[in-house]
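One file, final-v7.csv, carrying CSV, C-alpha atoms:
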```
chain,number,residue,atom,x,y,z
V,399,MET,CA,6.9,13.6,-19.5
V,400,THR,CA,3.2,13.9,-19.8
V,401,ILE,CA,1.4,12.8,-22.9
V,402,VAL,CA,-1.6,15.0,-23.9
V,403,ILE,CA,-4.1,13.2,-26.1
V,404,ASN,CA,-6.5,15.3,-28.1
V,405,MET,CA,-10.0,13.7,-28.3
V,406,ARG,CA,-12.0,16.9,-28.7
V,407,GLU,CA,-13.6,15.4,-31.8
V,408,GLY,CA,-14.8,12.3,-30.0
V,409,VAL,CA,-13.6,8.9,-28.9
V,410,ASP,CA,-10.6,7.5,-30.8
V,411,ARG,CA,-10.2,3.8,-30.0
V,412,ARG,CA,-6.5,3.8,-30.8
V,413,LYS,CA,-5.8,6.7,-28.4
V,414,ILE,CA,-8.0,5.1,-25.7
V,415,LYS,CA,-5.9,2.0,-25.9
V,416,VAL,CA,-2.8,4.1,-25.1
V,417,ALA,CA,-4.4,5.7,-22.1
V,418,ALA,CA,-5.9,2.4,-20.9
V,419,ARG,CA,-2.5,0.8,-21.0
V,420,PHE,CA,-1.3,3.4,-18.5
V,421,ILE,CA,-4.2,2.5,-16.2
V,422,GLU,CA,-3.3,-1.2,-16.5
V,423,GLU,CA,0.3,-0.4,-15.6
V,424,GLY,CA,-0.7,1.4,-12.4
V,425,LYS,CA,-0.1,4.9,-13.8
V,426,LEU,CA,-2.2,8.0,-13.6
V,427,VAL,CA,-4.5,9.3,-16.4
V,428,ALA,CA,-6.6,12.5,-16.3
V,429,PHE,CA,-9.7,12.3,-18.3
V,430,PRO,CA,-13.0,14.2,-18.9
V,431,THR,CA,-16.3,13.3,-17.4
V,432,GLU,CA,-19.6,15.2,-17.7
V,433,THR,CA,-18.9,16.9,-14.4
V,434,VAL,CA,-15.2,17.8,-14.2
V,435,TYR,CA,-11.9,16.2,-15.2
V,436,GLY,CA,-10.9,13.3,-13.1
V,437,LEU,CA,-7.4,12.0,-12.1
V,438,GLY,CA,-7.8,8.3,-12.6
V,439,ALA,CA,-6.0,5.1,-11.5
V,440,ASN,CA,-6.8,1.4,-11.0
V,441,ALA,CA,-9.1,1.5,-8.0
V,442,LEU,CA,-8.1,-2.0,-6.9
V,443,ASP,CA,-4.3,-1.2,-7.0
V,444,ARG,CA,-3.1,0.2,-3.6
V,445,ASN,CA,0.1,1.7,-5.1
V,446,ALA,CA,-1.8,3.3,-8.0
V,447,VAL,CA,-4.3,4.8,-5.7
V,448,LEU,CA,-1.5,6.2,-3.4
V,449,GLY,CA,-0.1,7.8,-6.5
V,450,ILE,CA,-3.3,9.9,-6.8
V,451,PHE,CA,-3.0,11.1,-3.2
V,452,SER,CA,0.7,11.9,-3.7
V,453,ALA,CA,0.1,13.8,-7.0
V,454,LYS,CA,-2.8,15.8,-5.6
V,455,GLY,CA,-1.4,16.4,-2.1
V,456,ARG,CA,-4.6,14.9,-0.9
V,457,PRO,CA,-5.2,13.9,2.7
V,458,ALA,CA,-5.3,10.1,3.0
V,459,ASP,CA,-8.6,10.0,4.9
V,460,ASN,CA,-10.4,11.8,2.0
V,461,PRO,CA,-12.1,9.0,0.1
V,462,LEU,CA,-12.1,8.5,-3.7
V,463,ILE,CA,-15.0,7.8,-6.0
V,464,ILE,CA,-14.8,4.6,-8.1
V,465,HIS,CA,-16.0,5.0,-11.7
V,466,ILE,CA,-17.6,2.0,-13.5
V,467,SER,CA,-18.9,1.5,-17.0
V,468,ASP,CA,-21.7,-1.1,-16.4
V,469,PHE,CA,-24.1,-1.4,-13.5
V,470,GLU,CA,-23.2,-5.1,-13.0
V,471,GLN,CA,-19.7,-4.0,-11.9
V,472,ILE,CA,-21.2,-2.5,-8.7
V,473,TYR,CA,-21.7,-6.0,-7.3
V,474,ALA,CA,-18.0,-6.7,-7.4
V,475,LEU,CA,-17.3,-3.6,-5.3
V,476,ALA,CA,-20.2,-3.3,-2.9
V,477,GLU,CA,-21.1,-5.9,-0.3
V,478,ASP,CA,-24.8,-4.9,-0.3
V,479,VAL,CA,-26.7,-3.1,-3.1
V,480,PRO,CA,-30.2,-2.1,-1.9
V,481,LYS,CA,-33.1,-1.9,-4.2
V,482,GLU,CA,-33.0,1.9,-4.0
V,483,ALA,CA,-29.5,1.8,-5.6
V,484,GLU,CA,-30.9,-0.2,-8.5
V,485,ILE,CA,-33.8,2.2,-8.9
V,486,LEU,CA,-31.6,5.2,-8.8
V,487,ALA,CA,-29.2,3.7,-11.3
V,488,LYS,CA,-32.0,3.0,-13.7
V,489,HIS,CA,-33.1,6.6,-13.5
V,490,PHE,CA,-29.7,8.5,-13.3
V,491,TRP,CA,-26.9,6.3,-14.6
V,492,PRO,CA,-24.8,7.1,-16.5
V,493,GLY,CA,-24.9,10.5,-14.8
V,494,PRO,CA,-23.7,12.7,-12.0
V,495,LEU,CA,-24.8,10.6,-9.1
V,496,THR,CA,-22.4,8.8,-6.7
V,497,MET,CA,-23.8,6.2,-4.3
V,498,VAL,CA,-22.1,5.2,-1.1
V,499,LEU,CA,-22.5,1.5,-0.2
V,500,PRO,CA,-20.8,-1.1,2.1
V,501,LYS,CA,-17.5,-2.1,0.5
V,502,ARG,CA,-16.3,-5.5,-0.4
V,503,GLU,CA,-12.9,-6.8,0.9
V,504,ASN,CA,-11.3,-6.5,-2.5
V,505,VAL,CA,-11.6,-2.7,-2.4
V,506,PRO,CA,-8.5,-1.3,-0.7
V,507,LYS,CA,-9.0,1.0,2.2
V,508,GLU,CA,-6.5,3.3,0.5
V,509,THR,CA,-9.3,3.9,-2.1
V,510,THR,CA,-12.0,4.4,0.6
V,511,GLY,CA,-10.0,6.7,2.9
V,512,GLY,CA,-10.0,3.9,5.5
V,513,LEU,CA,-13.8,3.5,5.5
V,514,GLU,CA,-15.8,0.4,5.3
V,515,SER,CA,-18.0,2.0,2.6
V,516,VAL,CA,-17.3,2.7,-1.0
V,517,ALA,CA,-18.4,5.5,-3.3
V,518,ILE,CA,-19.4,4.4,-6.9
V,519,ARG,CA,-20.7,6.2,-10.0
V,520,MET,CA,-21.0,5.7,-13.7
V,521,PRO,CA,-20.0,8.8,-15.6
V,522,ALA,CA,-22.1,10.1,-18.6
V,523,HIS,CA,-19.1,10.8,-20.9
V,524,GLU,CA,-18.1,8.5,-23.7
V,525,ILE,CA,-14.4,9.1,-23.2
V,526,ALA,CA,-14.6,8.1,-19.6
V,527,LEU,CA,-16.7,5.1,-20.3
V,528,SER,CA,-14.5,4.0,-23.1
V,529,LEU,CA,-11.4,4.3,-20.9
V,530,ILE,CA,-13.0,2.1,-18.2
V,531,ARG,CA,-14.1,-0.5,-20.7
V,532,GLU,CA,-10.8,-0.6,-22.5
V,533,SER,CA,-8.8,-0.9,-19.2
V,534,ARG,CA,-11.2,-3.6,-17.9
V,535,LEU,CA,-10.8,-2.0,-14.5
V,536,PRO,CA,-12.8,0.2,-12.1
V,537,ILE,CA,-11.1,3.6,-12.0
V,538,ALA,CA,-10.7,5.6,-8.9
V,539,ALA,CA,-10.8,9.3,-9.9
V,540,PRO,CA,-11.1,12.4,-7.8
V,541,SER,CA,-11.1,15.8,-9.6
V,542,ALA,CA,-7.9,16.4,-11.5
V,543,ASN,CA,-6.7,19.4,-9.5
V,544,ILE,CA,-4.1,20.1,-6.8
V,545,SER,CA,-5.9,19.4,-3.5
V,546,GLY,CA,-7.8,22.5,-2.3
V,547,LYS,CA,-7.8,24.3,-5.7
V,548,PRO,CA,-10.7,24.9,-8.0
V,549,SER,CA,-11.8,21.8,-9.9
V,550,PRO,CA,-10.8,21.5,-13.6
V,551,THR,CA,-13.4,21.9,-16.4
V,552,LEU,CA,-10.9,22.2,-19.2
V,553,ALA,CA,-7.8,20.1,-20.1
V,554,GLU,CA,-5.8,23.3,-19.8
V,555,HIS,CA,-6.6,23.4,-16.1
V,556,VAL,CA,-5.2,19.9,-15.7
V,557,VAL,CA,-2.1,20.8,-17.7
V,558,ASP,CA,-1.6,23.8,-15.3
V,559,ASP,CA,-1.7,21.6,-12.3
V,560,PHE,CA,-0.2,18.3,-13.4
V,561,TYR,CA,1.9,18.6,-16.6
V,562,GLY,CA,5.2,16.7,-16.0
V,563,LYS,CA,3.7,15.0,-12.9
V,564,ILE,CA,1.4,12.4,-14.4
V,565,GLU,CA,1.6,10.1,-17.4
V,566,CYS,CA,-1.3,11.1,-19.5
V,567,ILE,CA,-4.0,13.8,-20.0
V,568,ILE,CA,-6.9,13.2,-22.3
V,569,ASP,CA,-8.3,16.5,-23.7
V,570,GLY,CA,-12.0,16.1,-24.4
V,571,GLY,CA,-12.9,19.8,-24.4
V,572,GLU,CA,-15.0,21.6,-21.8
V,573,THR,CA,-17.0,19.5,-19.4
V,574,LYS,CA,-20.8,19.8,-19.6
V,575,ILE,CA,-22.0,20.3,-16.0
V,576,GLY,CA,-19.0,21.9,-14.3
V,577,VAL,CA,-19.6,20.8,-10.7
V,578,GLU,CA,-18.8,17.3,-9.3
V,579,SER,CA,-21.3,14.5,-8.8
V,580,THR,CA,-24.0,14.4,-6.1
V,581,VAL,CA,-23.0,12.0,-3.4
V,582,LEU,CA,-25.8,10.0,-1.7
V,583,ASP,CA,-25.1,7.7,1.3
V,584,LEU,CA,-27.3,4.6,1.0
V,585,THR,CA,-25.7,2.8,4.1
V,586,THR,CA,-28.3,4.6,6.2
V,587,TRP,CA,-32.1,5.3,6.1
V,588,PRO,CA,-33.4,7.7,5.1
V,589,PRO,CA,-30.6,8.2,2.6
V,590,LEU,CA,-28.2,11.0,3.4
V,591,LEU,CA,-27.0,13.7,1.0
V,592,LEU,CA,-23.3,14.0,1.7
V,593,ARG,CA,-22.4,16.4,-1.2
V,594,PRO,CA,-24.8,18.3,-3.5
V,595,GLY,CA,-23.7,18.2,-7.1
V,596,GLY,CA,-24.7,17.9,-10.8
V,597,LEU,CA,-27.9,15.9,-10.0
V,598,PRO,CA,-30.3,18.1,-8.0
V,599,LEU,CA,-31.6,16.7,-4.7
V,600,GLU,CA,-35.2,17.4,-5.8
V,601,LYS,CA,-34.9,14.9,-8.7
V,602,ILE,CA,-33.6,12.2,-6.3
V,603,GLU,CA,-36.5,12.7,-3.9
V,604,GLU,CA,-38.9,12.4,-6.8
V,605,VAL,CA,-37.7,8.8,-7.3
V,606,ILE,CA,-37.0,7.5,-3.7
V,607,GLY,CA,-38.7,9.9,-1.4
V,608,GLU,CA,-37.2,11.8,1.5
V,609,VAL,CA,-33.4,12.4,1.7
V,610,GLN,CA,-31.7,13.9,4.7
V,611,ILE,CA,-29.1,16.5,4.2
V,612,HIS,CA,-25.8,16.1,6.1
V,613,PRO,CA,-24.8,19.2,8.1
V,614,ALA,CA,-21.5,19.4,6.3
V,615,VAL,CA,-23.4,20.4,3.1
V,616,ARG,CA,-24.0,23.9,4.6
V,617,GLY,CA,-20.7,24.2,6.4
V,618,LYS,CA,-20.7,22.3,9.7
V,619,GLU,CA,-17.2,20.8,10.4
V,620,VAL,CA,-16.9,17.0,10.5
V,621,ASP,CA,-14.2,14.7,11.9
V,622,LEU,CA,-15.0,11.9,9.5
V,623,ALA,CA,-15.5,12.4,5.7
V,624,LYS,CA,-17.6,9.7,4.1
V,625,ALA,CA,-17.4,11.5,0.8
V,626,PRO,CA,-15.1,13.9,-1.0
V,627,GLY,CA,-15.6,17.6,-0.3
V,628,MET,CA,-16.9,17.1,3.2
V,629,LYS,CA,-14.0,17.8,5.5
V,630,TYR,CA,-11.2,19.8,3.9
V,631,LYS,CA,-10.8,23.2,2.3
V,632,HIS,CA,-11.7,22.9,-1.3
V,633,TYR,CA,-12.1,24.8,-4.6
V,634,SER,CA,-10.0,27.8,-3.5
V,635,PRO,CA,-8.0,30.1,-5.8
V,636,ASN,CA,-5.1,32.1,-4.5
V,637,ALA,CA,-7.2,35.2,-4.3
V,638,GLU,CA,-9.5,35.8,-1.3
V,639,VAL,CA,-13.1,34.9,-2.2
V,640,ILE,CA,-16.0,36.7,-0.6
V,641,ILE,CA,-19.7,35.8,-1.2
V,642,VAL,CA,-22.5,38.3,-0.9
V,643,GLU,CA,-25.8,36.7,0.0
V,644,GLY,CA,-29.3,38.0,0.3
V,645,LYS,CA,-32.2,39.3,-1.8
V,646,LYS,CA,-31.1,39.6,-5.4
V,647,GLU,CA,-31.4,43.4,-5.8
V,648,ARG,CA,-29.7,44.1,-2.5
V,649,VAL,CA,-26.9,41.7,-3.3
V,650,LYS,CA,-26.2,43.7,-6.5
V,651,GLU,CA,-26.2,47.0,-4.6
V,652,ARG,CA,-23.8,45.6,-1.9
V,653,MET,CA,-21.5,44.1,-4.6
V,654,LYS,CA,-21.2,47.6,-6.2
V,655,GLU,CA,-20.4,49.2,-2.9
V,656,LEU,CA,-17.8,46.6,-2.1
V,657,VAL,CA,-16.2,46.9,-5.5
V,658,ASN,CA,-15.8,50.7,-4.9
V,659,GLU,CA,-14.5,50.2,-1.4
V,660,PHE,CA,-11.8,47.7,-2.5
V,661,LYS,CA,-10.7,49.9,-5.5
V,662,GLU,CA,-10.4,53.0,-3.2
V,663,ARG,CA,-8.0,51.0,-1.0
V,664,GLY,CA,-5.9,50.0,-4.0
V,665,ILE,CA,-7.0,46.3,-3.9
V,666,LYS,CA,-7.4,44.7,-7.3
V,667,VAL,CA,-10.9,43.2,-7.3
V,668,GLY,CA,-12.6,40.7,-9.6
V,669,VAL,CA,-16.3,39.9,-9.8
V,670,MET,CA,-18.1,36.6,-10.7
V,671,ALA,CA,-21.2,38.2,-12.1
V,672,THR,CA,-24.6,36.7,-13.0
V,673,GLY,CA,-25.6,39.0,-15.9
V,674,GLU,CA,-24.9,42.3,-14.1
V,675,PHE,CA,-22.1,44.7,-15.1
V,676,TYR,CA,-19.8,45.8,-12.4
V,677,GLU,CA,-16.9,48.4,-12.7
V,678,ALA,CA,-14.4,45.9,-11.1
V,679,ASP,CA,-10.9,45.5,-12.3
V,680,GLU,CA,-11.8,42.2,-13.8
V,681,CYS,CA,-15.2,40.7,-14.4
V,682,PHE,CA,-16.3,37.1,-15.4
V,683,ASN,CA,-19.9,36.7,-16.6
V,684,LEU,CA,-21.2,33.4,-15.3
V,685,GLY,CA,-24.5,33.6,-17.2
V,686,GLU,CA,-27.9,33.7,-15.5
V,687,SER,CA,-29.2,30.2,-15.4
V,688,GLU,CA,-28.2,27.7,-12.7
V,689,GLU,CA,-26.8,25.5,-15.5
V,690,GLU,CA,-24.6,28.3,-16.8
V,691,ILE,CA,-23.4,29.3,-13.4
V,692,ALA,CA,-22.5,25.7,-12.4
V,693,LYS,CA,-20.6,25.2,-15.7
V,694,ASN,CA,-18.6,28.4,-15.5
V,695,MET,CA,-18.0,28.7,-11.7
V,696,PHE,CA,-14.6,26.9,-11.4
V,697,ARG,CA,-13.4,28.3,-14.7
V,698,ALA,CA,-14.1,31.8,-13.4
V,699,LEU,CA,-12.2,31.2,-10.2
V,700,ARG,CA,-9.1,30.0,-12.1
V,701,GLU,CA,-9.4,32.7,-14.8
V,702,LEU,CA,-9.7,35.6,-12.2
V,703,ASP,CA,-6.7,34.2,-10.4
V,704,LYS,CA,-4.7,34.2,-13.6
V,705,ARG,CA,-5.7,37.9,-14.1
V,706,GLY,CA,-4.0,38.7,-10.8
V,707,VAL,CA,-6.9,39.9,-8.7
V,708,ASP,CA,-6.5,40.1,-4.9
V,709,VAL,CA,-10.1,39.6,-4.0
V,710,ILE,CA,-13.0,37.8,-5.9
V,711,LEU,CA,-16.5,38.9,-5.1
V,712,ALA,CA,-19.2,36.3,-5.9
V,713,GLU,CA,-23.0,36.7,-5.9
V,714,GLY,CA,-24.9,34.1,-3.9
V,715,VAL,CA,-27.8,32.2,-5.5
V,716,GLU,CA,-30.9,30.5,-4.2
V,717,GLU,CA,-30.3,27.0,-2.7
V,718,ARG,CA,-32.6,25.1,-5.0
V,719,GLY,CA,-31.9,22.8,-7.9
V,720,LEU,CA,-28.2,23.2,-8.9
V,721,GLY,CA,-28.1,26.2,-6.6
V,722,LEU,CA,-27.5,24.0,-3.6
V,723,ALA,CA,-24.3,22.6,-5.2
V,724,ILE,CA,-23.2,26.1,-6.4
V,725,MET,CA,-23.5,27.6,-3.0
V,726,ASN,CA,-21.7,24.6,-1.4
V,727,ARG,CA,-18.7,25.0,-3.7
V,728,LEU,CA,-18.7,28.8,-3.4
V,729,ARG,CA,-18.8,28.8,0.4
V,730,LYS,CA,-15.9,26.3,0.5
V,731,ALA,CA,-13.9,28.4,-2.0
V,732,ALA,CA,-14.5,31.4,0.2
V,733,GLY,CA,-13.6,29.6,3.5
V,734,TYR,CA,-17.2,30.6,4.5
V,735,ARG,CA,-16.4,34.3,4.2
V,736,VAL,CA,-19.9,35.6,3.6
V,737,ILE,CA,-21.4,39.1,3.7
V,738,LYS,CA,-25.1,39.3,4.2
V,739,ALA,CA,-26.8,42.0,2.1
V,740,GLU,CA,-29.6,43.2,4.3
```

Show me, as structure tokens, the structure contained in the file I just sent.
Amino acid sequence: MTIVINMREGVDRRKIKVAARFIEEGKLVAFPTETVYGLGANALDRNAVLGIFSAKGRPADNPLIIHISDFEQIYALAEDVPKEAEILAKHFWPGPLTMVLPKRENVPKETTGGLESVAIRMPAHEIALSLIRESRLPIAAPSANISGKPSPTLAEHVVDDFYGKIECIIDGGETKIGVESTVLDLTTWPPLLLRPGGLPLEKIEEVIGEVQIHPAVRGKEVDLAKAPGMKYKHYSPNAEVIIVEGKKERVKERMKELVNEFKERGIKVGVMATGEFYEADECFNLGESEEEIAKNMFRALRELDKRGVDVILAEGVEERGLGLAIMNRLRKAAGYRVIKAE
């Protein structure tokens, strides 16, 4: 049986103690962060970590991110912490930035996907931080979804995927950002962006200068994943997802054409819209700002799936700011099925 703990009104120390006890016992706890919900376990317990992989159906070579509640904890997990990591932490922690560093021997390779590096972040969510502090353990936590499916931004999404399969779900309401953390590799120079996320690349470069972008960010296949989201199919609903990219006005015209084409063929079509009305069978308005689109994107994919559409059409956005993360997730959700609106 899964315990669902309601903390929508804020941190309840008594309830946190219950969830922390599960972590201490090597069990799994889903909890909210500012990005998405995470599926957490003791990062230093091999068996607990293997429980995450088993519950999610996650490939063993897909590394996990370790969550900490105090910067000093990084030194117990990473063999080398360069000055750039300290500078970035001062600017962006707690927050949606994950740093990849050389790991210490005490970090199991099960946690790092067999790598000699470790991914670490400090979430900007009081429930997550309280859980880490109360358990007195670093917590490994990928997104709390079945592997390959859209990430969860509501506790209801976690319940859909894991009720009866894990020990505890903490319901902290809707997550603030809606896309996972930005992952930056600091084992190389210049630093390498492995996954765009809730912290835009431009803000990082303002602090430490040039950052290279890994080819996987825009779809190149890789054999070795140094961060989550690099190698395997991710974020996909059951419906087929198609992205329409190009100049804004032409994208909207092409979307309307495609909606009509699918409806004429008897295919139930859903649209993820950015402020535009479409005569689709189902429509989910994402909002118009990058922040709104990022926050609502995964929820839209799950909701349109529940409404039983066969195809989901999504408008592409510019790859700047959060747009880089949005397009990274949408392209993966679509399996890189893209129509160019010329």

Practice item. Counting only C-alpha atoms, note down every residue that has an atom within 8 Å of the point (-10.5, 14.0, -17.3) (file coordinates), as an MDAnalysis selection string. Key: chainID V and resid 427:431 434:438 526 541:542 553 567:570

Review point. With distances taken over all atoms listed in the file, which of V:Ala712, V:Met695, V:Ala487, V:Val516 is nearest to Ile640 in chain V?
Key: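 Nearest candidate to Ile640 in chain V out of V:Ala712, V:Met695, V:Ala487, V:Val516: V:Ala712.
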
Check your understanding: In terms of the shortest atom-to-atom distance over only C-alpha atoms, which of V:His632, V:Thr580, V:Gly685, V:Glu432 is closest to Leu599 in chain V?
Key -> V:Thr580

Exercise for review: Counting only C-alpha atoms, find the residues whose atoms lie at most 7 Å from (-22.5, 1.4, -4.5) (file coordinates) and write them out as a PyMOL selection string.
Suggested key: chain V and resi 472+476+479+497-499+516-518

Practice item. Would you please work out which residue, of V:Leu535, V:Ile564, V:Ile466, V:Met399, is nearest to Lys425 in chain V when using only C-alpha atoms? Key: V:Ile564

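CA of Thr433 in chain V lies 18.8 Å from CA of Phe560 in chain V.
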
Exercise for review: Using all atoms listed in the file, find the one residue out of V:Pro613, V:Gly668, V:Pro635, V:Gly673 that sits nearest to Lys650 in chain V.
Suggested key: V:Gly673

Go through range 578-619 of chain V and flag each residue having an atom no more than 12 Å from range 519-525 of chain V; for those, report the closest pair of atoms plus their distance in Å to one decimal, using only C-alpha atoms, ordered by chain and rising number, as JSON lines.
```
{"residue": "V:Glu578", "atom": "CA", "partner": "V:Pro521", "partner_atom": "CA", "distance": 10.6}
{"residue": "V:Ser579", "atom": "CA", "partner": "V:Arg519", "partner_atom": "CA", "distance": 8.4}
{"residue": "V:Thr580", "atom": "CA", "partner": "V:Arg519", "partner_atom": "CA", "distance": 9.7}
{"residue": "V:Val581", "atom": "CA", "partner": "V:Arg519", "partner_atom": "CA", "distance": 9.1}
{"residue": "V:Leu582", "atom": "CA", "partner": "V:Arg519", "partner_atom": "CA", "distance": 10.5}
{"residue": "V:Gly596", "atom": "CA", "partner": "V:Pro521", "partner_atom": "CA", "distance": 11.3}
{"residue": "V:Leu597", "atom": "CA", "partner": "V:Ala522", "partner_atom": "CA", "distance": 11.9}
```

**Study point:** Which of V:Ala539, V:Ile463, V:Ile611, V:Met670 sits closest to Thr510 in chain V [using only C-alpha atoms]
**Key:** V:Ile463

Exercise for review: Write out as a PyMOL selection string which residues come within 12 Å of Tyr676 in chain V when counting only C-alpha atoms, dropping same-chain ones fewer than 6 positions away.
Suggested key: chain V and resi 650-658+667-670+682-683+711-713

Check your understanding: Using all atoms listed in the file, which of the listed residues (V:Ile602, V:Gly664, V:Leu699, V:Asn636) sits closest to Cys681 in chain V?
Key ->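 Going through V:Ile602, V:Gly664, V:Leu699, V:Asn636 one by one, the smallest distance to Cys681 in chain V is for V:Leu699.
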
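Straight-line separation from CA of Glu477 in chain V to CA of Gly512 in chain V: 15.9 Å.
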
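Atom to atom, CA of Ala453 in chain V and CA of Lys547 in chain V stand 13.2 Å apart.
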